[in-house]
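*Asks:* I'd like to ask some things about the structure below.
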Amino acid sequence: MSPSNPRRAAVTGIGVVAPNGTSAETFWKSTVEGVGVLDAVTREGCRHLPLKVAGEVRGFDPSALIEENYLVQTDRFTHFAMAAATLALTDARLDPDGIGSPYSVGVVTAAGSGGGEFGQRELQQLWGQGSRFVGPYQSIAWFYAASTGQISIRSGLKGPCGVVASDEAGGLNALAHAAQVIRRGTDAVVVGATEAPLAPYSVVCQLGYPELSTVADPARAYVPFTDGACGFVPAEGGAMLVLEELDTALHRGADIRATVAGHATTFTGASRWDRSRDGLAQAIRGALDEAGCAPQDVDVVFADALGVPEADRAEALAIADALGPHGRRVPVTAPKTGTGRSYCGAPVLDVAAAVLAMEHGQIPPTPYVHAISHDLDLVTSRARPAELRTALVLSRGLMGSNAALVLRGRTGSAR
Amino acid sequence: MTTQQNTPPTAQVTVEELAALMKKAAGVTVDPAELADRLDAGFDTFGLDSLGLLGIVGQLENRYGRPLPPDAERCKTPGDFLELVNSTLLAGA
């Protein structure tokens, strides 16, 4: 953050659509209680595929939340995004109709796979009936950028908009991009990521990832940092946040939940998990440097926790490399083991969990994970009370992106 | 799909059919009676965007087994659209 420009990005609203809750409140309750919701894959057309366990968003009725004309032209991943954006704006008490200028609020999302279910349906029309039977909304619905565009149109937000396509770590990079948009003069950005990778075409694409877990027992399918680590379980959903310029938010009386204090990202190549040690450590150092934090300022680490032994080792070593002796003392958690990884949505859910953890003074545990085989103080079994001022969120993608984000909790009285 | 099987002898798209297509192709719910009263109002005032109209054109082309003129997807109002589509269908009957 440049000293000549004091504009800072604050989190003022959280909207969650996740396997363990379709509101920030239920998400936090499940997260802090360490509820694991991994279960058999039941999405249509997926049951016979080798992926047996995933984190599905169940009980989500898009028609109760989103107008039909938007539903018709969008994929499930955008349904999640529009719903989460509305939840975040409501949480922030930021009414799109009440903002001074529509150009003062932008939208930034990250996406890893776009609209696979919608795209598959239209491609089946193409090969089943012919090109004249492909609907025109195919041109926009499958696209990575669809959620940013539809949120912008639906809520009338005409500020700077963008889409970050940088692998799973893109969820954190989108937040950093939004913070930069705010530093450059925009009042607020609706930012985050949601994914819907549980459709037949999308699942088949993921079967090529050597890191994917095809274990059928939900309790054993995704257990990072243990001797039983056997890969990761994918998930649907994600989160959208409202980031606002701190002084503008204070002026309108918004509740300042946290500030985005620092971020850095690096790239070390697809499935080169040994190299992610240096890449992730470098990202942590960069994020702490931007935040003006010393390693010992970090009160909790939300780990990437891929669940691949080599990757877990690299992450544990990266934390030690970047934080020094503090790396062995700082509590580390990975609540995403309870829900699975919703690709770009996963680190944004971690950011939501980190903000809520700081507010409640509770470090949520790492569901399903028990005997740790790395030199980490991993929080397991039940939440750990702690005074949390600074949280470090880590993310890596299968294609080689690494990112670290530093959040500072609100100072002052409790919520 | 052949024209003979699917097209009534005096094929014309009614206001009711257009309302049903707006719902099916674009998720826009509109009461046929209101549509009939507001044939000169812009499609945008009903919440129908250009891709939605393109989808309706595609469905009609598939239904009647024949192309509609390029101007069909550029019509701004339901009245203009029905006039163009129905005159085209009549000319080809």
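In the structure tokens, the first chain shown is A, the next is B, and so on; residue numbers restart at 1 for each chain, and ligands run from 1 in the order shown.
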Near chain A, which residues of chain B fall within 10 Å when you count only C-alpha atoms, and what do they look like as an mmCIF file with N, CA and C atoms, in the first residue's frame?

*Replies:*
```
data_model
loop_
_atom_site.group_PDB
_atom_site.id
_atom_site.type_symbol
_atom_site.label_atom_id
_atom_site.label_comp_id
_atom_site.auth_asym_id
_atom_site.auth_seq_id
_atom_site.Cartn_x
_atom_site.Cartn_y
_atom_site.Cartn_z
ATOM 1 N N MET B 22 -41.521 -15.784 -25.132
ATOM 2 C CA MET B 22 -40.717 -14.893 -24.280
ATOM 3 C C MET B 22 -40.398 -15.582 -22.960
ATOM 4 N N LYS B 23 -41.371 -16.339 -22.482
ATOM 5 C CA LYS B 23 -41.177 -17.082 -21.239
ATOM 6 C C LYS B 23 -40.164 -18.223 -21.436
ATOM 7 N N LYS B 24 -40.369 -18.973 -22.509
ATOM 8 C CA LYS B 24 -39.544 -20.161 -22.728
ATOM 9 C C LYS B 24 -38.102 -19.800 -23.091
ATOM 10 N N ALA B 25 -37.949 -18.837 -23.985
ATOM 11 C CA ALA B 25 -36.615 -18.542 -24.502
ATOM 12 C C ALA B 25 -35.832 -17.603 -23.600
ATOM 13 N N ALA B 26 -36.535 -16.745 -22.873
ATOM 14 C CA ALA B 26 -35.810 -15.713 -22.133
ATOM 15 C C ALA B 26 -36.236 -15.587 -20.678
ATOM 16 N N GLY B 27 -37.144 -16.441 -20.235
ATOM 17 C CA GLY B 27 -37.541 -16.381 -18.835
ATOM 18 C C GLY B 27 -38.324 -15.134 -18.471
ATOM 19 N N VAL B 28 -38.899 -14.474 -19.480
ATOM 20 C CA VAL B 28 -39.662 -13.245 -19.229
ATOM 21 C C VAL B 28 -41.144 -13.593 -19.135
ATOM 22 N N THR B 29 -41.728 -13.351 -17.985
ATOM 23 C CA THR B 29 -43.144 -13.616 -17.795
ATOM 24 C C THR B 29 -43.946 -12.374 -18.159
ATOM 25 N N GLY B 47 -38.313 -6.544 -20.271
ATOM 26 C CA GLY B 47 -37.165 -7.270 -19.732
ATOM 27 C C GLY B 47 -36.547 -8.231 -20.734
ATOM 28 N N LEU B 48 -36.895 -8.075 -22.000
ATOM 29 C CA LEU B 48 -36.341 -8.973 -23.034
ATOM 30 C C LEU B 48 -35.140 -8.292 -23.685
ATOM 31 N N ASP B 49 -33.984 -8.951 -23.647
ATOM 32 C CA ASP B 49 -32.796 -8.372 -24.278
ATOM 33 C C ASP B 49 -32.604 -8.948 -25.683
ATOM 34 N N SER B 50 -31.563 -8.471 -26.352
ATOM 35 C CA SER B 50 -31.376 -8.834 -27.761
ATOM 36 C C SER B 50 -31.106 -10.332 -27.928
ATOM 37 N N LEU B 51 -30.379 -10.935 -26.982
ATOM 38 C CA LEU B 51 -30.137 -12.376 -27.093
ATOM 39 C C LEU B 51 -31.438 -13.156 -26.886
ATOM 40 N N GLY B 52 -32.299 -12.625 -26.025
ATOM 41 C CA GLY B 52 -33.594 -13.273 -25.814
ATOM 42 C C GLY B 52 -34.423 -13.257 -27.090
ATOM 43 N N LEU B 53 -34.424 -12.118 -27.795
ATOM 44 C CA LEU B 53 -35.172 -12.032 -29.052
ATOM 45 C C LEU B 53 -34.555 -12.964 -30.097
ATOM 46 N N LEU B 54 -33.228 -13.035 -30.095
ATOM 47 C CA LEU B 54 -32.548 -13.946 -31.028
ATOM 48 C C LEU B 54 -32.980 -15.391 -30.766
ATOM 49 N N GLY B 55 -33.130 -15.733 -29.497
ATOM 50 C CA GLY B 55 -33.584 -17.080 -29.146
ATOM 51 C C GLY B 55 -34.994 -17.352 -29.645
ATOM 52 N N ILE B 56 -35.853 -16.338 -29.562
ATOM 53 C CA ILE B 56 -37.233 -16.487 -30.056
ATOM 54 C C ILE B 56 -37.233 -16.675 -31.571
ATOM 55 N N GLY B 58 -34.851 -17.971 -33.301
ATOM 56 C CA GLY B 58 -34.366 -19.332 -33.556
ATOM 57 C C GLY B 58 -35.453 -20.373 -33.344
ATOM 58 N N GLN B 59 -36.242 -20.193 -32.309
ATOM 59 C CA GLN B 59 -37.313 -21.164 -32.045
ATOM 60 C C GLN B 59 -38.381 -21.123 -33.132
ATOM 61 N N GLU B 61 -37.890 -20.177 -36.255
ATOM 62 C CA GLU B 61 -37.296 -20.745 -37.471
ATOM 63 C C GLU B 61 -37.329 -22.268 -37.420
ATOM 64 N N ASN B 62 -37.071 -22.812 -36.247
ATOM 65 C CA ASN B 62 -37.130 -24.270 -36.114
ATOM 66 C C ASN B 62 -38.571 -24.763 -36.237
#
```

*Asks:* Give the alpha helix (DSSP H) residues of chain B, as DSSP finds them on the backbone, and put them as a PyMOL selection string.

*Replies:* chain B and resi 3-6+15-26+32-37+50-64+78-92

*Asks:* I need the residues in stretch 229-278 of chain A that are strand (DSSP E) according to DSSP; give them as a PyMOL selection string.

*Replies:* chain A and resi 237-245+258-267

*Asks:* Identify, on the basis of only C-alpha atoms, every residue whose closest approach to A:Ala352 does not exceed 9 Å; exclude the query and any residue fewer than 6 positions from it along the same chain; express the result as a PyMOL selection string.

*Replies:* chain A and resi 14-16+24+28+239-241

*Asks:* Contacts between stretch 161-170 of chain A and stretch 342-374 of chain A, please, where a residue of stretch 342-374 of chain A counts if it comes within 9 Å (with only C-alpha atoms); show its shortest atom pair and distance in Å to one decimal, rows by chain and ascending number, as a Markdown table.

*Replies:*
```
| residue | atom | partner | partner_atom | distance |
| --- | --- | --- | --- | --- |
| A:Ser342 | CA | A:Glu168 | CA | 8.6 |
| A:Tyr343 | CA | A:Glu168 | CA | 4.9 |
| A:Cys344 | CA | A:Glu168 | CA | 4.3 |
| A:Gly345 | CA | A:Glu168 | CA | 7.7 |
| A:Ala346 | CA | A:Glu168 | CA | 7.7 |
| A:Pro347 | CA | A:Ala169 | CA | 7.1 |
```

*Asks:* Residues at most 12 Å from A:Thr148, counting only C-alpha atoms, excluding those fewer than 6 positions away in the same chain, as a PyMOL selection string?

*Replies:* chain A and resi 74+77-82+85+106-111+114+140-141+154-164+174+189-194+240

*Asks:* How many Å separate atom CA of A:Arg329 from atom CA of A:Arg410?

*Replies:*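 Interatomic distance here is 23.3 Å.
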
*Asks:* What is the atom CA of A:Val11-atom CA of A:Arg93 distance in Å, reported with one decimal?

*Replies:*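 Atom CA of A:Val11 sits 12.3 Å away from atom CA of A:Arg93.
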
*Asks:* Enter the distance from atom CA of A:Gly115 to atom CA of A:Val204, in Å, rounded to one decimal.

*Replies:* 14.2 Å

*Asks:* Excluding B:Phe43 and any residue of its chain fewer than 6 positions from it, enumerate the residues within 7 Å of it, using only C-alpha atoms, and give them as a ChimeraX atom specification.

*Replies:* /B:76-78

*Asks:* Save out the residues we just selected, C-alpha atoms, as a PDB file, in the first residue's frame.

*Replies:*
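Output contents, as saved in out-v3.pdb:
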```
ATOM      1  CA  LYS B  76     -37.682  -3.130 -31.152  1.00  0.00           C
ATOM      2  CA  THR B  77     -41.330  -3.822 -30.307  1.00  0.00           C
ATOM      3  CA  PRO B  78     -43.653  -6.843 -30.186  1.00  0.00           C
TER       4      PRO B  78
END
```

*Asks:* Just the residues within 7 Å of A:Pro200, please, counting only C-alpha atoms, with nothing from its chain fewer than 2 positions along; format it as a ChimeraX atom specification.

*Replies:* /A:45-46,198,202-204

*Asks:* Just want the 12 Å neighbourhood of A:Glu33, counted on only C-alpha atoms, with same-chain residues fewer than 3 positions away dropped. Output as a PyMOL selection string.

*Replies:* chain A and resi 20+26-30+36-37+335+338+357+362-367+380-384

*Asks:* Could the residues in this selection be written to a file with C-alpha atoms, as a PDB file, in the first residue's frame?

*Replies:*
```pdb
ATOM      1  CA  ASN A  20     -22.222 -26.280   4.653  1.00  0.00           C
ATOM      2  CA  THR A  26     -25.164 -20.984   8.720  1.00  0.00           C
ATOM      3  CA  PHE A  27     -21.749 -21.248   7.054  1.00  0.00           C
ATOM      4  CA  TRP A  28     -20.064 -19.914  10.184  1.00  0.00           C
ATOM      5  CA  LYS A  29     -22.088 -22.123  12.511  1.00  0.00           C
ATOM      6  CA  SER A  30     -21.136 -25.251  10.540  1.00  0.00           C
ATOM      7  CA  GLY A  36     -18.052 -32.126   7.725  1.00  0.00           C
ATOM      8  CA  VAL A  37     -20.590 -32.278   4.898  1.00  0.00           C
ATOM      9  CA  PRO A 335     -11.934 -25.695   7.402  1.00  0.00           C
ATOM     10  CA  GLY A 338     -15.318 -30.170   5.743  1.00  0.00           C
ATOM     11  CA  ALA A 357     -13.097 -16.147  13.080  1.00  0.00           C
ATOM     12  CA  GLN A 362     -12.621 -18.639  17.499  1.00  0.00           C
ATOM     13  CA  ILE A 363     -10.342 -20.595  15.177  1.00  0.00           C
ATOM     14  CA  PRO A 364     -12.530 -23.138  13.389  1.00  0.00           C
ATOM     15  CA  PRO A 365     -11.188 -26.687  13.229  1.00  0.00           C
ATOM     16  CA  THR A 366     -10.166 -28.916  10.314  1.00  0.00           C
ATOM     17  CA  PRO A 367     -12.931 -31.540   9.897  1.00  0.00           C
ATOM     18  CA  THR A 380      -8.504 -30.135  14.780  1.00  0.00           C
ATOM     19  CA  SER A 381     -11.608 -31.602  16.447  1.00  0.00           C
ATOM     20  CA  ARG A 382     -13.024 -28.396  17.923  1.00  0.00           C
ATOM     21  CA  ALA A 383     -12.686 -24.655  17.578  1.00  0.00           C
ATOM     22  CA  ARG A 384      -9.939 -22.964  19.575  1.00  0.00           C
TER      23      ARG A 384
END
```

*Asks:* Could you check the closest approach to A:Leu407 for each of A:Gly238, A:Gly208, A:Gly286, A:Gly262 and tell me which residue wins, using only C-alpha atoms?

*Replies:*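 Distance minimum relative to A:Leu407 lands on A:Gly262.
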